[in-house]
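Enquirer: Before anything else, here's the structure in question.
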Amino acid sequence: ITTETTCAKSMEIEEPVDTKFAKLKNGHEIALVQAAQEFLLEKTQKTPSDVGYFGFFFKSAGECVKNVGDRFSTLDDDRDGFSDTNLPNQRLRASLRLMNVVSASLSSAVISRLFPQVSELLIELLKKQPPVYISLEVIGVCRCIYEYSNSSIFQHNSSVDLFSVLLLSTIEGKPKVRRKSIDILDQIFEDPFTATKLSKTVQKIAVNVIVNCNQANPTPTLYILQCLKSIVGNLQVMTKKKLCEAILRLPTIGNPILTVCTMNFFAALFESSEEYNKLFVQILNAIFDHQPHALDLDPMVAYAKAIQQGFISLSEGDPELCSRKLDFALRKLVPILQHNNRMVNSAVSRTIQTILEVGLNEEIVQEYLNCVRNMDDFSSTILGKIFKRLQPGLTYTYHSSWGYVLDIFGSFFSSLTKCTTSADATTLSEILYTYIADISQLHKAKKWVKNCERVLSSALDLLGIEIFLQILPISFPFVHHDPSDPPEETHIWLLPFLKEYLKCSHLGYFYSTIMPIITSLENTSSEIAHEKPAYAKTLMIYAFQLWDIFPSFCQYPVDVVEFFPKLAKPLCDLILENKEYRSIISIGLTDLINLYFKEEEKNDIVNESLNTISQFSKNFLPNLFNLYTSDVLHMEERPIILKTIGAFVTIAPGNVCGNLFNTIGKKLVSLLNDPQNLSENIEEINRLTVLSIPFVKRLNKKNALLLYTTIRPLIQSNDPNLQKKSFKVLSKLCQFHDFMIKEKYTELLDILDKTDHYKTQGIKNFRIMIIEKILEYTNELGREGILDRVILEIILCTKEINSKVRLKASDIILEQVDYFEKMEGENCLSFIQKFLYAGLALEAEIVAATLYSISLVLDHMKREYDVDDVLDDVSFIGVKFLESPYPVIQTQALDLTRKIVKFSSRDRLLESGKDIIFNVLGFGRQSRYNRDVKIILEKLIRKLGWDTMKKMVPSRYIKFVNNHRKSLEREKRKQKKAKQQYLENNVSSTPSHETGTWILEGEDDDSVLDFLAGGATKNIVSSLPKVMDEESSSDDIGYDEDGRLVLQEESSEESSSEDFGSRKRGREEDDSEANKRRKVSEELTGKYSGAGYKAKSGGDKKGKNKFEPYAYIPLNPAQLNKRRRHVVHKNYAPIIKSGGKKNQQ
């Protein structure tokens, strides 16, 4: 049984012969099993059992292994095995594959019983170093045995031997074999019992490999580290300890790749271990001692990642010890930021941010604050030491890394915010004053603006707005200082900063501090308006910017209950009277209500805040209603005021909403009952209709019916704006009140029938929402009758420009497909025939939309259901409408045909392919359809084959299709060639750097490197340090017999002159054709320029035996260059001087 004999057969098989192999999905595997079944039936005349199958394959594999000898031939180790002509090898491969397939049908007890014999065969096979493709099959059998058996197989001694061989294959095997082996080891170690059983084996093999590692051959150690990284989390504690003791010596070897793998192993150890162990502290200390040099980029990045994971594990197991280690970690990590390397600085910065986040806690912060309050020495506290370690980061020594230092400070301030309360802000401000002031100075440089703002936003959250502005006070002219003598820093730039970053603040500060400043700015502006109008305008801009911060104060304020009653009346008055601040205040109030109202978990503070605001809704809503219906608002302000009204309606008491809605209803009815003045009142009717939308959700059934009765005549209005707004109200009524659908669905359908959705733009969205809501209740109302009335509009909306309408219409059609598929006696085909085909007999736009809808249905059916029945009925539709003269139909018909070809089987295409090809090729000469035609032809060629398709193509199109086929093949060859060339260039162009390890010693000869020191490994680097070129230095500098310094100037001058002379001669000899042409052109220009006919007295003279006076300048394309225009004018000037400036141009 060979692999090749079953390849062709696997393409035709759809289901296995025996149901016991129903789990198989790969046609190639099914073909192998069926081939084995046929062979055994022919040989034994009976169907064997599952164990019989497995036994036969096992016996076949054993015979092949015995015939191999001591080891497999390595003459041609084909990784895929397809070019291996050795039939015994192919038979062995097929037997192993079949063992892999059949083992899924065996019980765990049977596998446990057969395990000793099978494992013995697999061990023997792997020891003979088989080719890659056979090794992969062996590993596949191992995987199935471990997957379908239980842990009892590890009671056999052979289980340890097999595991040892698999573990060694992760070291000695080829890349594919290593990857597969590691996957199996991961699977084995998921079981705790198995991990305990095999930990000692891992320890024995891994430690032996690691101990024998050296600079000359580190490869086996790299492979074992990669394997250990995957399974280390499930090993026993003692095994982890032994492995760590062996691995910790690897960084001292000086190989950077070994160092990277070592650090990655420790990071995986910290990350995968579920329980904290004291071993982690020892490992973390050892990692700090093995800190790489900053020049080694990859080792330093891996080092930072290992420390980061170590602190995360330490914080979960021993938070107190983690906090005590912060100072030591910062002392080691912060100086690394002095190096100008982005990759290293980014990794170290992330590590510092992480350890600060996990290491800081309330105990540390309170210890520091208590020392500050008691006037004790706080420098010895943990937080005091952290401040001391971070402070140098803002000095010029770290200039190149200020961005990363600022990110660290931002994370530090955020961590402090989690560990403190608002009462601690004053004490913290004393120590943070200097840091915040220094960081604000960096804001002047554009390079650090965003970093500074992120840090200052964290400081703002930590200290609060009041203390923050005490550290960085904003100074306004005429209010805080004389404009002729401003302070060094006015901090005006904080106004847009506060607008963007302020949150969770205090309304009381805005009321008691900001509003008085705004009043002073406005009063001062009015006083100096005549004398200093520029200053007055500036002050008003400042006042507007201060009001612009108000929406930020409204984002989760903490004192709404206390201060909103004081702010309510001033805010309401300003909305009514001050048009400049109206929009800003309205946005702030809307955010204040909506952010609290949309909270999923409403605590006591949120509920009390909403109750406080709702008490003033009776004051705000009437005033906002009068303002909205008046003529004082601009067009841009109306949506803002409407949102504010909607926000207050959501929290207002029911009687307040009911009274105001009654006012709107009465006013609207009174205007509608005055038909004589209807055209004059149309604008006010529009406003009242829109104003009723926020109240829809809060209406009871009586008021909802009243509103429906009121706006129903408006839906058929001739005014498009009024009709659009009325449809919006109707859609909201259907959305929030189910009785509208159940009781009024017939009236709603009549409304949809009587109104023309083509006439008014913007109503399709509301109409499709109403249709969607009606179809939700079609199980109760009768689906087919409703679909008959709305299906054409749904189909047409699938091609709507508005994406929301288009998506909703598509979803509705697909929902109907699901409904008919689940309905007894119906299916998708009946839905298409009953409803979608109705659009094929109408206008071109509806036909195109119908074809698009059928394409949507095909896509959905292919993903969810069986598409074959639909294809049988739909195939002729796409072909038929390819003959349409309308381009919009042709486009959709081509798209539908493409999907029909994509989803059809080869047999179906053999029946209908001729008609498809004939009609599709009719578009071959039209460029706009060229892409679709080529895609369809490509799919047909791939499915049918060129020989079969050639018989279906009409003779006049053979050349066209054949050329297209050849172009596809050429394109594929070009892509393949380009890919190969790219790979070859990348491989060949890879520079061969000198590898090795160097030791950085002191600058002078007296400084000696202590190799026993803890940080000695920092002086071991993998890249060659910069050294002085001794040869060049010895040529220029020397010493005489007395020891005096001698500078050899002559030799350098001579060599330089010789070099210059050689370069000059090279340039003279290298005279190109372009230079020759330029010289000829210059000679001609000088020879025939007319200078020989110039007379001394002026004008021209005629020479003896010469031509009449003339001038000739050859045409030269270079003269058209704009940069040479003045030179061209100069050449022509002597000739056309009399023509004047105009002729010269």
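A note on labels: chains of the structure tokens are A, B, ... as shown, every chain counts residues from 1, and ligands are counted from 1 in their shown order.
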Determine, counting only C-alpha atoms, which protein, DNA and RNA residues have an atom within 9 Å of an atom of Leu571 (chain A); residues of the same chain fewer than 6 positions away are not included. Present the result as a PyMOL selection string.

Expert: chain A and resi 582+585-586

Enquirer: Sorted by chain and rising residue number, list the residues of region 479-578 of chain A at most 12 Å from region 602-605 of chain A (counting only C-alpha atoms), each with its closest atom pair and distance in Å to one decimal, as a tab-separated table.

Expert:
```
residue	atom	partner	partner_atom	distance
A:Tyr556	CA	A:Ile605	CA	10.2
A:Pro557	CA	A:Ile605	CA	10.2
A:Val558	CA	A:Ile605	CA	8.1
A:Asp559	CA	A:Ile605	CA	9.1
A:Val560	CA	A:Ile605	CA	9.0
A:Val561	CA	A:Ile605	CA	8.6
A:Glu562	CA	A:Ile605	CA	11.6
```

Enquirer: For the atom pair CA of Arg687 (chain A) and CA of Ile774 (chain A), what is the interatomic distance in Å to one decimal place?

Expert: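 Those two atoms sit 28.0 Å apart.
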
Enquirer: Write out as a VMD selection string all residues of region 654-781 of chain A that backbone DSSP assigns to alpha helix (DSSP H).

Expert: chain A and resid 654 to 672 682 to 691 701 to 715 720 to 736 739 to 754 764 to 776 778 to 781

Enquirer: Neighbouring residues of Ile436 (chain A) were defined as those with any atom within 8 Å, considering only C-alpha atoms; residues of the same chain fewer than 6 positions away were excluded. Please report them as a PyMOL selection string.

Expert: chain A and resi 456+459+471

Enquirer: Please, could you write that set of residues out with all heavy atoms as a PDB file, in the first residue's frame?

Expert:
```pdb
ATOM      1  N   LEU A 456       1.445  64.860  32.842  1.00  0.00           N
ATOM      2  CA  LEU A 456       0.707  65.864  33.604  1.00  0.00           C
ATOM      3  C   LEU A 456      -0.747  65.457  33.818  1.00  0.00           C
ATOM      4  O   LEU A 456      -1.345  65.804  34.830  1.00  0.00           O
ATOM      5  CB  LEU A 456       0.785  67.206  32.873  1.00  0.00           C
ATOM      6  CG  LEU A 456       2.178  67.852  32.827  1.00  0.00           C
ATOM      7  CD1 LEU A 456       2.148  69.128  31.994  1.00  0.00           C
ATOM      8  CD2 LEU A 456       2.695  68.148  34.225  1.00  0.00           C
ATOM      9  N   ALA A 459      -0.623  63.314  36.782  1.00  0.00           N
ATOM     10  CA  ALA A 459      -0.467  64.158  37.968  1.00  0.00           C
ATOM     11  C   ALA A 459      -1.763  64.882  38.309  1.00  0.00           C
ATOM     12  O   ALA A 459      -2.098  65.066  39.487  1.00  0.00           O
ATOM     13  CB  ALA A 459       0.658  65.157  37.739  1.00  0.00           C
ATOM     14  N   ILE A 471       0.395  74.375  41.783  1.00  0.00           N
ATOM     15  CA  ILE A 471       1.770  74.119  41.341  1.00  0.00           C
ATOM     16  C   ILE A 471       2.052  74.821  40.015  1.00  0.00           C
ATOM     17  O   ILE A 471       3.128  75.403  39.826  1.00  0.00           O
ATOM     18  CB  ILE A 471       2.000  72.599  41.216  1.00  0.00           C
ATOM     19  CG1 ILE A 471       1.814  71.921  42.568  1.00  0.00           C
ATOM     20  CG2 ILE A 471       3.385  72.311  40.656  1.00  0.00           C
ATOM     21  CD1 ILE A 471       1.897  70.410  42.519  1.00  0.00           C
TER      22      ILE A 471
END
```

Enquirer: For each of A:Lys966, A:Lys174, A:Lys332, A:Lys742, take the minimum atom-to-atom distance to Arg389 (chain A), counting only C-alpha atoms, then give the residue where this is smallest.

Expert: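 Once distances to Arg389 (chain A) are computed over only C-alpha atoms, the minimum belongs to A:Lys332.
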
Enquirer: In Å, rounded to a single decimal, give me how far CA of Val874 (chain A) is from CA of Ala849 (chain A).

Expert: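 Separating CA of Ala849 (chain A) from CA of Val874 (chain A) is a distance of 15.1 Å.
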